[in-house]
Every structure is written in C-alpha cells, then in structure tokens.
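Undergrad: Sharing a structure with you now.
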Amino acid sequence: MTESENLLNELAAQAILSRTPPWKHLRLRRYTSMSPKAAELLADRPGNLELPDLVSLSSAAATKIGKLHSRKRGMPTKPKSGNKKSTTLEFTIHGYWLNLPKVRSISPQSADSLAQHIGSITLNGKVRITASAARELARYRGCGLSFTGTTQFSAEVLKELAQYAGPLNLDGIRSLTRTQAEALSKCRGYLSLRGVRSLSVETAKALARIPDEVHLGGVRRITDEVAEILGLAKGRVILFGLQHCTDRQYQFLGAKRHPQVPYPIFEAFDRTP
C-alpha cells in the first residue's frame, strides 16, 4: 500500500461518512496520516472516533479534532425493526472517546489543541512528548487521559501529567523509580498504575501522598514496611492483585478501613469475633 493510500484525505472522509449510518461510531483502520480537512469532517459528528493505525498527527489536524469532536451531543440511535424513525441519545459533558493509540509524537501545539477535546483520549505510551507538551495535555478538559502499551516517560514528563485533574491511566509503566514516583506524588486526580509489579519503600512513600485513588492492582507482594506506609496513605490504594498478605500486613492495610486488598484476603485474615 502506498503512502498516498494510507493518507486519510477529504475525499476519503466524505466517502466514509456517506456510507456510515449516523448512529455508528467511527473506527478507521489502515490510515497512517490524516489531512486537516478530513479531521474536520470526521470530528464534526457525534460518536467515538478511533484511528488505530494513525502514526502522524499534524498540529492543524489536531486543532480541528480538539475544537470540533464531542461538541455535538445528540447521537441518533438505530431505528427498531419496523420503525423508520430513530431517537436521539443525549450524551453528557463527558463526551466521546478519541482513540489515537499509535501516534508517535505530539508537539506542544498539537497537545494544546487536543487539550480542548471533551471526552476521553487514549494515546500511545511510547509517544514522544516533551515536558512542555505534557504540560499542555495536563490541561485536558475531558474525563480521562490514557496511555496504552509500554510507557517510559521521564520524571519531568510525569510531573507535568500529574497536574491533570481527571483520571490518569499509566498502566503501561512496568516499574517506578524514586524520581518518577516523586513526580506522580503531585497527582491531582485518580491514578492507575496497574502495570507496576513491585513497590520499594521510597516509591510507596511517594504514592501514599496522593490524595485521590491509586490503582496498584498489578502488585503481587509487599513488605511489612510498605504495607504500613500504604495503610496510612492519604487516598485509597487499590491492591486487588495482592497474592499474599500476612496478619501484620493485614492490620497495617486496614488501618484506615479502606477496602484496599482482595475480599478473599479480608475473609482469610479477618479476626473479628
């Protein structure tokens, strides 16, 4: 397939829209780049917009998507059998999903435009972003910012992303250094780190300062010292993947009465008369 065939241009966008029922979300494979006009046409309609093979997103195309996508709230529903009319499904301010899981780089200008989007965004965990671009993304107006795949952001980038006030999904992070954990300790909203498998005392201390919920469902075992730290965390720490819990750890984790560990473990170690 040639580069021109991989380009989603205005004519291709018009053809797609002409054959797509208004109640269907858009999932467009094989396109690796997109023109600003195509972005405008596709974003100016209700529904999720998925471009799973897109690797290049220009600032002009990002501007069209950020300004237009999710602004239209009413999405028609498929008419029931024998009924020619469709009803309109009204979406809330949470808007629609924008899925760009393979975009390789985002400039500060593109990040500023995408931050105007209303809904939720999924990006590539290996995307190249600077601290300044991360600062723009942290201003995102939607209700979810996710990075898929293996994620290796620097502490400087994580510090900026931590300023995002909504749910921040960094499940692609497999391990945390002390400096990365310190950067994430400034998190303002829900943080998901389900890819992390173990916690040191230093990383636990940093994450325990986050006032909102922290999902650490990938952690399998912890030490007594880590259990004591997490038991006194400011927010709720989720450890549903924990495979072993001693009596002492159970007491530490239950210090604030948060349901932080799996229910079977609670049942096994609950000593309530």
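Identifiers in this document derive from the order of the structure tokens: chains are assigned A, B, ..., residues are numbered from 1 separately in each chain, and ligands are numbered from 1 in order of occurrence.
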Which parts of segment 187-270 of chain A does DSSP call strand (DSSP E or B) when run on the backbone here, written out as a ChimeraX atom specification?
TA: /A:191-192,214-215,237-238
Undergrad: Can you tell me, as a VMD selection string, what residues are no more than 12 Å from Cys143 of chain A when counting only C-alpha atoms, ignoring any on the same chain fewer than 3 positions away?
TA: chain A and resid 92 to 98 115 to 122 138 to 140 146 164 to 169 189 to 190
Undergrad: Those same residues - N, CA, C and O atoms - I'd like them written as an mmCIF file, in the first residue's frame.
TA:
data_model
loop_
_atom_site.group_PDB
_atom_site.id
_atom_site.type_symbol
_atom_site.label_atom_id
_atom_site.label_comp_id
_atom_site.auth_asym_id
_atom_site.auth_seq_id
_atom_site.Cartn_x
_atom_site.Cartn_y
_atom_site.Cartn_z
ATOM 1 N N THR A 92 -23.633 13.232 27.894
ATOM 2 C CA THR A 92 -23.335 14.264 28.877
ATOM 3 C C THR A 92 -22.075 15.023 28.481
ATOM 4 O O THR A 92 -21.487 14.784 27.426
ATOM 5 N N ILE A 93 -21.627 15.880 29.355
ATOM 6 C CA ILE A 93 -20.428 16.672 29.114
ATOM 7 C C ILE A 93 -19.194 15.787 28.976
ATOM 8 O O ILE A 93 -18.163 16.197 28.468
ATOM 9 N N HIS A 94 -19.303 14.506 29.423
ATOM 10 C CA HIS A 94 -18.159 13.605 29.312
ATOM 11 C C HIS A 94 -17.789 13.353 27.853
ATOM 12 O O HIS A 94 -16.671 12.978 27.550
ATOM 13 N N GLY A 95 -18.737 13.516 26.948
ATOM 14 C CA GLY A 95 -18.418 13.449 25.532
ATOM 15 C C GLY A 95 -18.063 12.067 25.039
ATOM 16 O O GLY A 95 -18.490 11.055 25.571
ATOM 17 N N TYR A 96 -17.226 12.029 23.998
ATOM 18 C CA TYR A 96 -16.911 10.787 23.312
ATOM 19 C C TYR A 96 -15.429 10.443 23.426
ATOM 20 O O TYR A 96 -14.600 11.243 23.840
ATOM 21 N N TRP A 97 -15.138 9.218 22.987
ATOM 22 C CA TRP A 97 -13.779 8.694 23.077
ATOM 23 C C TRP A 97 -12.995 9.026 21.822
ATOM 24 O O TRP A 97 -13.467 8.826 20.706
ATOM 25 N N LEU A 98 -11.783 9.514 21.994
ATOM 26 C CA LEU A 98 -10.853 9.757 20.906
ATOM 27 C C LEU A 98 -9.678 8.794 21.085
ATOM 28 O O LEU A 98 -8.933 8.900 22.060
ATOM 29 N N ALA A 115 -6.004 19.249 24.037
ATOM 30 C CA ALA A 115 -6.473 19.538 25.392
ATOM 31 C C ALA A 115 -7.849 20.195 25.395
ATOM 32 O O ALA A 115 -8.519 20.230 26.432
ATOM 33 N N GLN A 116 -8.290 20.712 24.242
ATOM 34 C CA GLN A 116 -9.610 21.329 24.145
ATOM 35 C C GLN A 116 -10.709 20.298 23.917
ATOM 36 O O GLN A 116 -11.895 20.615 23.991
ATOM 37 N N HIS A 117 -10.313 19.069 23.622
ATOM 38 C CA HIS A 117 -11.271 17.997 23.372
ATOM 39 C C HIS A 117 -12.062 17.688 24.644
ATOM 40 O O HIS A 117 -11.544 17.793 25.754
ATOM 41 N N ILE A 118 -13.327 17.318 24.470
ATOM 42 C CA ILE A 118 -14.158 16.935 25.611
ATOM 43 C C ILE A 118 -14.530 15.473 25.448
ATOM 44 O O ILE A 118 -15.124 15.085 24.439
ATOM 45 N N GLY A 119 -14.187 14.663 26.408
ATOM 46 C CA GLY A 119 -14.442 13.231 26.339
ATOM 47 C C GLY A 119 -13.320 12.500 27.032
ATOM 48 O O GLY A 119 -12.945 12.828 28.152
ATOM 49 N N SER A 120 -12.743 11.500 26.368
ATOM 50 C CA SER A 120 -11.567 10.813 26.885
ATOM 51 C C SER A 120 -10.632 10.536 25.714
ATOM 52 O O SER A 120 -11.072 10.316 24.592
ATOM 53 N N ILE A 121 -9.329 10.550 25.999
ATOM 54 C CA ILE A 121 -8.319 10.348 24.969
ATOM 55 C C ILE A 121 -7.423 9.171 25.338
ATOM 56 O O ILE A 121 -6.979 9.059 26.477
ATOM 57 N N THR A 122 -7.159 8.318 24.355
ATOM 58 C CA THR A 122 -6.172 7.253 24.512
ATOM 59 C C THR A 122 -5.039 7.512 23.530
ATOM 60 O O THR A 122 -5.260 7.662 22.329
ATOM 61 N N ALA A 138 -1.938 18.188 30.166
ATOM 62 C CA ALA A 138 -2.472 18.187 31.528
ATOM 63 C C ALA A 138 -3.620 19.172 31.697
ATOM 64 O O ALA A 138 -4.365 19.087 32.678
ATOM 65 N N ARG A 139 -3.784 20.061 30.728
ATOM 66 C CA ARG A 139 -4.915 20.993 30.756
ATOM 67 C C ARG A 139 -6.148 20.389 30.088
ATOM 68 O O ARG A 139 -7.148 21.092 29.891
ATOM 69 N N TYR A 140 -6.072 19.128 29.753
ATOM 70 C CA TYR A 140 -7.157 18.445 29.059
ATOM 71 C C TYR A 140 -8.486 18.643 29.778
ATOM 72 O O TYR A 140 -8.583 18.482 30.994
ATOM 73 N N SER A 146 -5.423 8.514 28.840
ATOM 74 C CA SER A 146 -4.812 7.188 28.945
ATOM 75 C C SER A 146 -3.668 7.032 27.959
ATOM 76 O O SER A 146 -3.696 7.577 26.858
ATOM 77 N N TYR A 164 -2.879 16.948 35.675
ATOM 78 C CA TYR A 164 -4.211 16.694 35.109
ATOM 79 C C TYR A 164 -5.165 16.316 36.232
ATOM 80 O O TYR A 164 -4.880 15.458 37.060
ATOM 81 N N ALA A 165 -6.327 16.952 36.258
ATOM 82 C CA ALA A 165 -7.259 16.778 37.377
ATOM 83 C C ALA A 165 -8.175 15.569 37.236
ATOM 84 O O ALA A 165 -8.878 15.214 38.174
ATOM 85 N N GLY A 166 -8.176 14.930 36.069
ATOM 86 C CA GLY A 166 -9.056 13.783 35.855
ATOM 87 C C GLY A 166 -8.337 12.461 35.998
ATOM 88 O O GLY A 166 -7.178 12.403 36.421
ATOM 89 N N PRO A 167 -8.998 11.352 35.618
ATOM 90 C CA PRO A 167 -8.384 10.033 35.694
ATOM 91 C C PRO A 167 -7.186 9.922 34.745
ATOM 92 O O PRO A 167 -7.321 10.163 33.551
ATOM 93 N N LEU A 168 -6.050 9.543 35.293
ATOM 94 C CA LEU A 168 -4.822 9.407 34.512
ATOM 95 C C LEU A 168 -4.407 7.935 34.500
ATOM 96 O O LEU A 168 -4.099 7.362 35.547
ATOM 97 N N ASN A 169 -4.437 7.333 33.311
ATOM 98 C CA ASN A 169 -4.121 5.916 33.169
ATOM 99 C C ASN A 169 -2.707 5.750 32.631
ATOM 100 O O ASN A 169 -2.427 6.100 31.488
ATOM 101 N N GLY A 189 -5.637 13.823 40.535
ATOM 102 C CA GLY A 189 -6.832 13.007 40.347
ATOM 103 C C GLY A 189 -6.522 11.535 40.499
ATOM 104 O O GLY A 189 -5.460 11.147 40.996
ATOM 105 N N TYR A 190 -7.448 10.699 40.042
ATOM 106 C CA TYR A 190 -7.279 9.241 40.087
ATOM 107 C C TYR A 190 -6.090 8.824 39.230
ATOM 108 O O TYR A 190 -5.898 9.316 38.124
#
Undergrad: Find, counting only C-alpha atoms, the residue in A:Gly235, A:Pro21, A:Gly144, A:Gly47 that gets nearest to Met75 of chain A.
TA: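 So, comparing all the options, the nearest one is A:Gly47.
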Undergrad: For Gly218 of chain A, please output as JSON, numbers by chain all residues within 6 Å (counting only C-alpha atoms; exclusion window: fewer than 6 positions along the same chain).
TA: {"A": [194, 195, 196, 197, 241]}
Undergrad: Compare A:Cys245, A:Leu191, A:Leu145, A:Ile65 by their minimum atom-to-atom distance to Glu50 of chain A, counting only C-alpha atoms, and give me the closest one.
TA: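 Distance minimum relative to Glu50 of chain A lands on A:Ile65.
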